[in-house]
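Trainee: The file below is query10.pdb, PDB, N, CA and C atoms, pLDDT in the B column:
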```
ATOM      1  N   MET A 136       6.425  27.977 -19.156  1.00 69.00           N
ATOM      2  CA  MET A 136       5.639  26.853 -18.680  1.00 69.00           C
ATOM      3  C   MET A 136       6.038  26.545 -17.238  1.00 69.00           C
ATOM      4  N   VAL A 137       5.056  26.396 -16.411  1.00 91.00           N
ATOM      5  CA  VAL A 137       5.292  26.160 -14.990  1.00 91.00           C
ATOM      6  C   VAL A 137       5.613  24.705 -14.706  1.00 91.00           C
ATOM      7  N   LEU A 138       4.872  23.808 -15.333  1.00 96.00           N
ATOM      8  CA  LEU A 138       5.042  22.376 -15.113  1.00 96.00           C
ATOM      9  C   LEU A 138       5.775  21.740 -16.289  1.00 96.00           C
ATOM     10  N   ASP A 139       6.543  20.697 -15.997  1.00 97.00           N
ATOM     11  CA  ASP A 139       7.134  19.951 -17.103  1.00 97.00           C
ATOM     12  C   ASP A 139       6.055  19.042 -17.711  1.00 97.00           C
ATOM     13  N   ARG A 140       6.384  18.345 -18.777  1.00 97.00           N
ATOM     14  CA  ARG A 140       5.388  17.538 -19.493  1.00 97.00           C
ATOM     15  C   ARG A 140       4.728  16.479 -18.621  1.00 97.00           C
ATOM     16  N   GLY A 141       5.520  15.812 -17.816  1.00 98.00           N
ATOM     17  CA  GLY A 141       4.982  14.775 -16.936  1.00 98.00           C
ATOM     18  C   GLY A 141       4.066  15.341 -15.877  1.00 98.00           C
ATOM     19  N   GLU A 142       4.494  16.431 -15.268  1.00 98.00           N
ATOM     20  CA  GLU A 142       3.665  17.070 -14.249  1.00 98.00           C
ATOM     21  C   GLU A 142       2.352  17.565 -14.843  1.00 98.00           C
ATOM     22  N   GLN A 143       2.438  18.135 -16.046  1.00 97.00           N
ATOM     23  CA  GLN A 143       1.222  18.620 -16.714  1.00 97.00           C
ATOM     24  C   GLN A 143       0.276  17.463 -17.014  1.00 97.00           C
ATOM     25  N   PHE A 144       0.834  16.323 -17.414  1.00 98.00           N
ATOM     26  CA  PHE A 144       0.024  15.138 -17.693  1.00 98.00           C
ATOM     27  C   PHE A 144      -0.718  14.695 -16.434  1.00 98.00           C
ATOM     28  N   VAL A 145      -0.017  14.644 -15.302  1.00 98.00           N
ATOM     29  CA  VAL A 145      -0.643  14.242 -14.040  1.00 98.00           C
ATOM     30  C   VAL A 145      -1.691  15.269 -13.613  1.00 98.00           C
ATOM     31  N   TRP A 146      -1.371  16.542 -13.758  1.00 97.00           N
ATOM     32  CA  TRP A 146      -2.325  17.606 -13.403  1.00 97.00           C
ATOM     33  C   TRP A 146      -3.611  17.452 -14.219  1.00 97.00           C
ATOM     34  N   ASP A 147      -3.459  17.316 -15.504  1.00 98.00           N
ATOM     35  CA  ASP A 147      -4.621  17.169 -16.384  1.00 98.00           C
ATOM     36  C   ASP A 147      -5.395  15.892 -16.073  1.00 98.00           C
ATOM     37  N   TRP A 148      -4.678  14.829 -15.744  1.00 98.00           N
ATOM     38  CA  TRP A 148      -5.314  13.559 -15.391  1.00 98.00           C
ATOM     39  C   TRP A 148      -6.128  13.719 -14.104  1.00 98.00           C
ATOM     40  N   GLN A 149      -5.549  14.330 -13.106  1.00 97.00           N
ATOM     41  CA  GLN A 149      -6.233  14.481 -11.826  1.00 97.00           C
ATOM     42  C   GLN A 149      -7.459  15.389 -11.918  1.00 97.00           C
ATOM     43  N   TYR A 150      -7.396  16.381 -12.788  1.00 97.00           N
ATOM     44  CA  TYR A 150      -8.526  17.304 -12.923  1.00 97.00           C
ATOM     45  C   TYR A 150      -9.411  16.961 -14.116  1.00 97.00           C
ATOM     46  N   ARG A 151      -9.233  15.733 -14.634  1.00 97.00           N
ATOM     47  CA  ARG A 151     -10.065  15.196 -15.709  1.00 97.00           C
ATOM     48  C   ARG A 151     -10.130  16.115 -16.927  1.00 97.00           C
ATOM     49  N   LEU A 152      -8.948  16.602 -17.293  1.00 98.00           N
ATOM     50  CA  LEU A 152      -8.826  17.477 -18.452  1.00 98.00           C
ATOM     51  C   LEU A 152      -8.330  16.732 -19.680  1.00 98.00           C
ATOM     52  N   LEU A 153      -7.953  15.473 -19.486  1.00 98.00           N
ATOM     53  CA  LEU A 153      -7.495  14.666 -20.609  1.00 98.00           C
ATOM     54  C   LEU A 153      -8.711  14.149 -21.374  1.00 98.00           C
ATOM     55  N   GLY A 154      -8.503  13.824 -22.595  1.00 97.00           N
ATOM     56  CA  GLY A 154      -9.562  13.223 -23.390  1.00 97.00           C
ATOM     57  C   GLY A 154      -8.968  12.230 -24.360  1.00 97.00           C
ATOM     58  N   GLY A 155      -9.806  11.450 -24.949  1.00 98.00           N
ATOM     59  CA  GLY A 155      -9.385  10.531 -25.989  1.00 98.00           C
ATOM     60  C   GLY A 155      -8.257   9.613 -25.570  1.00 98.00           C
ATOM     61  N   PHE A 156      -7.227   9.549 -26.412  1.00 98.00           N
ATOM     62  CA  PHE A 156      -6.116   8.635 -26.194  1.00 98.00           C
ATOM     63  C   PHE A 156      -5.408   8.894 -24.871  1.00 98.00           C
ATOM     64  N   LYS A 157      -5.139  10.157 -24.557  1.00 98.00           N
ATOM     65  CA  LYS A 157      -4.389  10.461 -23.332  1.00 98.00           C
ATOM     66  C   LYS A 157      -5.158  10.044 -22.090  1.00 98.00           C
ATOM     67  N   GLU A 158      -6.461  10.204 -22.117  1.00 98.00           N
ATOM     68  CA  GLU A 158      -7.277   9.752 -20.986  1.00 98.00           C
ATOM     69  C   GLU A 158      -7.197   8.230 -20.844  1.00 98.00           C
ATOM     70  N   SER A 159      -7.304   7.537 -21.967  1.00 98.00           N
ATOM     71  CA  SER A 159      -7.195   6.073 -21.952  1.00 98.00           C
ATOM     72  C   SER A 159      -5.805   5.622 -21.500  1.00 98.00           C
ATOM     73  N   LEU A 160      -4.781   6.327 -21.952  1.00 98.00           N
ATOM     74  CA  LEU A 160      -3.416   6.003 -21.553  1.00 98.00           C
ATOM     75  C   LEU A 160      -3.241   6.156 -20.042  1.00 98.00           C
ATOM     76  N   ALA A 161      -3.700   7.265 -19.494  1.00 98.00           N
ATOM     77  CA  ALA A 161      -3.568   7.497 -18.058  1.00 98.00           C
ATOM     78  C   ALA A 161      -4.292   6.403 -17.271  1.00 98.00           C
ATOM     79  N   HIS A 162      -5.483   6.044 -17.695  1.00 98.00           N
ATOM     80  CA  HIS A 162      -6.237   4.992 -17.016  1.00 98.00           C
ATOM     81  C   HIS A 162      -5.489   3.663 -17.086  1.00 98.00           C
ATOM     82  N   THR A 163      -4.939   3.354 -18.242  1.00 98.00           N
ATOM     83  CA  THR A 163      -4.195   2.100 -18.421  1.00 98.00           C
ATOM     84  C   THR A 163      -2.958   2.071 -17.528  1.00 98.00           C
ATOM     85  N   ILE A 164      -2.211   3.153 -17.503  1.00 98.00           N
ATOM     86  CA  ILE A 164      -1.008   3.233 -16.664  1.00 98.00           C
ATOM     87  C   ILE A 164      -1.392   3.059 -15.202  1.00 98.00           C
ATOM     88  N   GLN A 165      -2.426   3.751 -14.783  1.00 97.00           N
ATOM     89  CA  GLN A 165      -2.864   3.713 -13.386  1.00 97.00           C
ATOM     90  C   GLN A 165      -3.261   2.298 -12.970  1.00 97.00           C
ATOM     91  N   GLN A 166      -3.928   1.586 -13.847  1.00 97.00           N
ATOM     92  CA  GLN A 166      -4.443   0.257 -13.517  1.00 97.00           C
ATOM     93  C   GLN A 166      -3.412  -0.864 -13.699  1.00 97.00           C
ATOM     94  N   ALA A 167      -2.345  -0.584 -14.422  1.00 98.00           N
ATOM     95  CA  ALA A 167      -1.356  -1.622 -14.735  1.00 98.00           C
ATOM     96  C   ALA A 167      -0.557  -2.029 -13.502  1.00 98.00           C
ATOM     97  N   ASP A 168      -0.180  -3.303 -13.470  1.00 97.00           N
ATOM     98  CA  ASP A 168       0.738  -3.747 -12.428  1.00 97.00           C
ATOM     99  C   ASP A 168       2.141  -3.267 -12.787  1.00 97.00           C
ATOM    100  N   THR A 169       3.076  -3.455 -11.880  1.00 96.00           N
ATOM    101  CA  THR A 169       4.438  -2.953 -12.081  1.00 96.00           C
ATOM    102  C   THR A 169       5.072  -3.487 -13.360  1.00 96.00           C
ATOM    103  N   ASN A 170       4.885  -4.761 -13.633  1.00 98.00           N
ATOM    104  CA  ASN A 170       5.470  -5.369 -14.825  1.00 98.00           C
ATOM    105  C   ASN A 170       4.943  -4.683 -16.094  1.00 98.00           C
ATOM    106  N   ASN A 171       3.658  -4.482 -16.157  1.00 98.00           N
ATOM    107  CA  ASN A 171       3.080  -3.840 -17.337  1.00 98.00           C
ATOM    108  C   ASN A 171       3.385  -2.351 -17.399  1.00 98.00           C
ATOM    109  N   GLN A 172       3.522  -1.703 -16.243  1.00 98.00           N
ATOM    110  CA  GLN A 172       3.947  -0.297 -16.258  1.00 98.00           C
ATOM    111  C   GLN A 172       5.343  -0.185 -16.872  1.00 98.00           C
ATOM    112  N   MET A 173       6.208  -1.136 -16.582  1.00 98.00           N
ATOM    113  CA  MET A 173       7.558  -1.103 -17.148  1.00 98.00           C
ATOM    114  C   MET A 173       7.521  -1.277 -18.664  1.00 98.00           C
ATOM    115  N   LYS A 174       6.601  -2.065 -19.151  1.00 98.00           N
ATOM    116  CA  LYS A 174       6.442  -2.225 -20.600  1.00 98.00           C
ATOM    117  C   LYS A 174       5.919  -0.933 -21.219  1.00 98.00           C
ATOM    118  N   LEU A 175       4.945  -0.316 -20.571  1.00 98.00           N
ATOM    119  CA  LEU A 175       4.402   0.949 -21.069  1.00 98.00           C
ATOM    120  C   LEU A 175       5.456   2.063 -21.036  1.00 98.00           C
ATOM    121  N   LEU A 176       6.352   1.970 -20.069  1.00 98.00           N
ATOM    122  CA  LEU A 176       7.417   2.966 -19.922  1.00 98.00           C
ATOM    123  C   LEU A 176       8.288   3.048 -21.171  1.00 98.00           C
ATOM    124  N   LEU A 177       8.438   1.940 -21.871  1.00 98.00           N
ATOM    125  CA  LEU A 177       9.245   1.936 -23.093  1.00 98.00           C
ATOM    126  C   LEU A 177       8.630   2.817 -24.184  1.00 98.00           C
ATOM    127  N   ALA A 178       7.320   2.847 -24.257  1.00 98.00           N
ATOM    128  CA  ALA A 178       6.649   3.615 -25.306  1.00 98.00           C
ATOM    129  C   ALA A 178       6.253   5.020 -24.858  1.00 98.00           C
ATOM    130  N   PHE A 179       5.958   5.184 -23.576  1.00 98.00           N
ATOM    131  CA  PHE A 179       5.468   6.458 -23.059  1.00 98.00           C
ATOM    132  C   PHE A 179       6.232   6.827 -21.779  1.00 98.00           C
ATOM    133  N   PRO A 180       7.529   7.081 -21.899  1.00 98.00           N
ATOM    134  CA  PRO A 180       8.352   7.272 -20.693  1.00 98.00           C
ATOM    135  C   PRO A 180       7.929   8.442 -19.806  1.00 98.00           C
ATOM    136  N   VAL A 181       7.583   9.548 -20.391  1.00 98.00           N
ATOM    137  CA  VAL A 181       7.231  10.730 -19.598  1.00 98.00           C
ATOM    138  C   VAL A 181       5.936  10.497 -18.825  1.00 98.00           C
ATOM    139  N   GLU A 182       4.935  10.017 -19.513  1.00 98.00           N
ATOM    140  CA  GLU A 182       3.627   9.830 -18.909  1.00 98.00           C
ATOM    141  C   GLU A 182       3.643   8.743 -17.840  1.00 98.00           C
ATOM    142  N   VAL A 183       4.292   7.631 -18.147  1.00 98.00           N
ATOM    143  CA  VAL A 183       4.342   6.528 -17.187  1.00 98.00           C
ATOM    144  C   VAL A 183       5.136   6.935 -15.952  1.00 98.00           C
ATOM    145  N   GLN A 184       6.286   7.558 -16.138  1.00 98.00           N
ATOM    146  CA  GLN A 184       7.094   7.962 -14.983  1.00 98.00           C
ATOM    147  C   GLN A 184       6.340   8.954 -14.111  1.00 98.00           C
ATOM    148  N   ALA A 185       5.594   9.851 -14.740  1.00 98.00           N
ATOM    149  CA  ALA A 185       4.830  10.834 -13.969  1.00 98.00           C
ATOM    150  C   ALA A 185       3.779  10.152 -13.094  1.00 98.00           C
ATOM    151  N   ILE A 186       3.083   9.181 -13.643  1.00 98.00           N
ATOM    152  CA  ILE A 186       2.066   8.495 -12.839  1.00 98.00           C
ATOM    153  C   ILE A 186       2.715   7.603 -11.788  1.00 98.00           C
ATOM    154  N   ILE A 187       3.820   6.973 -12.118  1.00 98.00           N
ATOM    155  CA  ILE A 187       4.547   6.193 -11.108  1.00 98.00           C
ATOM    156  C   ILE A 187       4.979   7.111  -9.967  1.00 98.00           C
ATOM    157  N   ASP A 188       5.504   8.276 -10.304  1.00 98.00           N
ATOM    158  CA  ASP A 188       5.906   9.238  -9.271  1.00 98.00           C
ATOM    159  C   ASP A 188       4.709   9.668  -8.436  1.00 98.00           C
ATOM    160  N   TYR A 189       3.587   9.917  -9.082  1.00 98.00           N
ATOM    161  CA  TYR A 189       2.364  10.294  -8.369  1.00 98.00           C
ATOM    162  C   TYR A 189       1.952   9.189  -7.394  1.00 98.00           C
ATOM    163  N   GLN A 190       2.064   7.941  -7.838  1.00 96.00           N
ATOM    164  CA  GLN A 190       1.643   6.816  -7.014  1.00 96.00           C
ATOM    165  C   GLN A 190       2.622   6.469  -5.902  1.00 96.00           C
ATOM    166  N   SER A 191       3.895   6.811  -6.074  1.00 97.00           N
ATOM    167  CA  SER A 191       4.875   6.281  -5.125  1.00 97.00           C
ATOM    168  C   SER A 191       5.783   7.307  -4.442  1.00 97.00           C
ATOM    169  N   LYS A 192       5.914   8.491  -4.996  1.00 97.00           N
ATOM    170  CA  LYS A 192       6.820   9.484  -4.405  1.00 97.00           C
ATOM    171  C   LYS A 192       6.057  10.375  -3.433  1.00 97.00           C
ATOM    172  N   GLU A 193       6.478  10.322  -2.201  1.00 97.00           N
ATOM    173  CA  GLU A 193       5.847  11.168  -1.201  1.00 97.00           C
ATOM    174  C   GLU A 193       6.094  12.642  -1.546  1.00 97.00           C
ATOM    175  N   GLY A 194       5.040  13.424  -1.544  1.00 97.00           N
ATOM    176  CA  GLY A 194       5.146  14.848  -1.804  1.00 97.00           C
ATOM    177  C   GLY A 194       5.102  15.244  -3.269  1.00 97.00           C
ATOM    178  N   TYR A 195       5.002  14.274  -4.176  1.00 97.00           N
ATOM    179  CA  TYR A 195       5.003  14.591  -5.609  1.00 97.00           C
ATOM    180  C   TYR A 195       3.809  15.456  -5.991  1.00 97.00           C
ATOM    181  N   TRP A 196       2.622  15.045  -5.599  1.00 97.00           N
ATOM    182  CA  TRP A 196       1.418  15.808  -5.947  1.00 97.00           C
ATOM    183  C   TRP A 196       1.448  17.193  -5.292  1.00 97.00           C
ATOM    184  N   THR A 197       1.877  17.252  -4.063  1.00 97.00           N
ATOM    185  CA  THR A 197       1.965  18.534  -3.363  1.00 97.00           C
ATOM    186  C   THR A 197       2.926  19.474  -4.070  1.00 97.00           C
ATOM    187  N   SER A 198       4.026  18.945  -4.587  1.00 97.00           N
ATOM    188  CA  SER A 198       4.994  19.797  -5.295  1.00 97.00           C
ATOM    189  C   SER A 198       4.388  20.373  -6.573  1.00 97.00           C
ATOM    190  N   ILE A 199       3.552  19.597  -7.247  1.00 97.00           N
ATOM    191  CA  ILE A 199       2.870  20.106  -8.442  1.00 97.00           C
ATOM    192  C   ILE A 199       1.896  21.213  -8.046  1.00 97.00           C
ATOM    193  N   GLN A 200       1.129  20.969  -7.003  1.00 96.00           N
ATOM    194  CA  GLN A 200       0.177  21.978  -6.537  1.00 96.00           C
ATOM    195  C   GLN A 200       0.898  23.265  -6.128  1.00 96.00           C
ATOM    196  N   ASP A 201       2.033  23.114  -5.464  1.00 95.00           N
ATOM    197  CA  ASP A 201       2.805  24.290  -5.039  1.00 95.00           C
ATOM    198  C   ASP A 201       3.275  25.106  -6.240  1.00 95.00           C
ATOM    199  N   LYS A 202       3.712  24.431  -7.301  1.00 94.00           N
ATOM    200  CA  LYS A 202       4.136  25.152  -8.518  1.00 94.00           C
ATOM    201  C   LYS A 202       2.982  25.949  -9.110  1.00 94.00           C
ATOM    202  N   ILE A 203       1.809  25.360  -9.138  1.00 93.00           N
ATOM    203  CA  ILE A 203       0.630  26.040  -9.672  1.00 93.00           C
ATOM    204  C   ILE A 203       0.253  27.223  -8.783  1.00 93.00           C
ATOM    205  N   ASP A 204       0.296  27.020  -7.475  1.00 93.00           N
ATOM    206  CA  ASP A 204      -0.068  28.071  -6.540  1.00 93.00           C
ATOM    207  C   ASP A 204       0.844  29.301  -6.671  1.00 93.00           C
ATOM    208  N   LYS A 205       2.094  29.069  -7.024  1.00 91.00           N
ATOM    209  CA  LYS A 205       3.044  30.176  -7.137  1.00 91.00           C
ATOM    210  C   LYS A 205       2.731  31.107  -8.303  1.00 91.00           C
ATOM    211  N   VAL A 206       2.050  30.595  -9.299  1.00 87.00           N
ATOM    212  CA  VAL A 206       1.766  31.434 -10.479  1.00 87.00           C
ATOM    213  C   VAL A 206       0.322  31.932 -10.523  1.00 87.00           C
ATOM    214  N   THR A 207      -0.483  31.501  -9.576  1.00 80.00           N
ATOM    215  CA  THR A 207      -1.879  31.974  -9.570  1.00 80.00           C
ATOM    216  C   THR A 207      -2.122  32.952  -8.470  1.00 80.00           C
TER     217      THR A 207
END
```
As structure tokens - that is how I would like this structure written.
Mentor:
Amino acid sequence: MVLDRGEQFVWDWQYRLLGGFKESLAHTIQQADTNNQMKLLLAFPVEVQAIIDYQSKEGYWTSIQDKIDKVT
């Protein structure tokens, strides 16, 4: 596997490959304020941290793209 679980979640979210619950979860995490993201983090640590990283870590998305580019 090229991407870890969180990276794969963000990749699928960005390319609209999620469906059902995971799609709703990603939308909820994205729209939540910091306080509510911290609450969601307790139940969905991997997914929430991945979206937080996407939203706040410079170069996070580029690093995911680079990993994909290396295997294609």
Trainee: Could you list, as a ChimeraX atom specification, every residue within 9 Å of Gln172 in chain A, counting only C-alpha atoms and ignoring same-chain residues fewer than 4 positions away?
Mentor: /A:163-168,176-177,183-184,187
Trainee: Calculate how many Å separate CA of Asp201 in chain A from CA of Val137 in chain A, rounding to one decimal.
Mentor: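 Taking CA of Asp201 in chain A and CA of Val137 in chain A, their separation equals 10.4 Å.
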Trainee: For this file, the PyMOL selection byres ((chain A and resi 141) around 7) selects which residues, as a list in words?
Mentor: Leu138, Asp139, Arg140, Glu142, Gln143, Phe144, Val145, Trp146, Val181, Glu182, Gln184, Ala185 and Ile186 of chain A
Trainee: So what do you get for atom C of Lys202 in chain A versus CA of Ser159 in chain A, distance-wise?
Mentor: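 Taking atom C of Lys202 in chain A and CA of Ser159 in chain A, their separation equals 25.8 Å.
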Trainee: Apply DSSP to the structure's backbone, then extract all residues of chain A labelled helix (DSSP H, G or I) and return them as a VMD selection string.
Mentor: chain A and resid 140 to 149 155 to 166 169 to 178 180 to 191 195 to 206
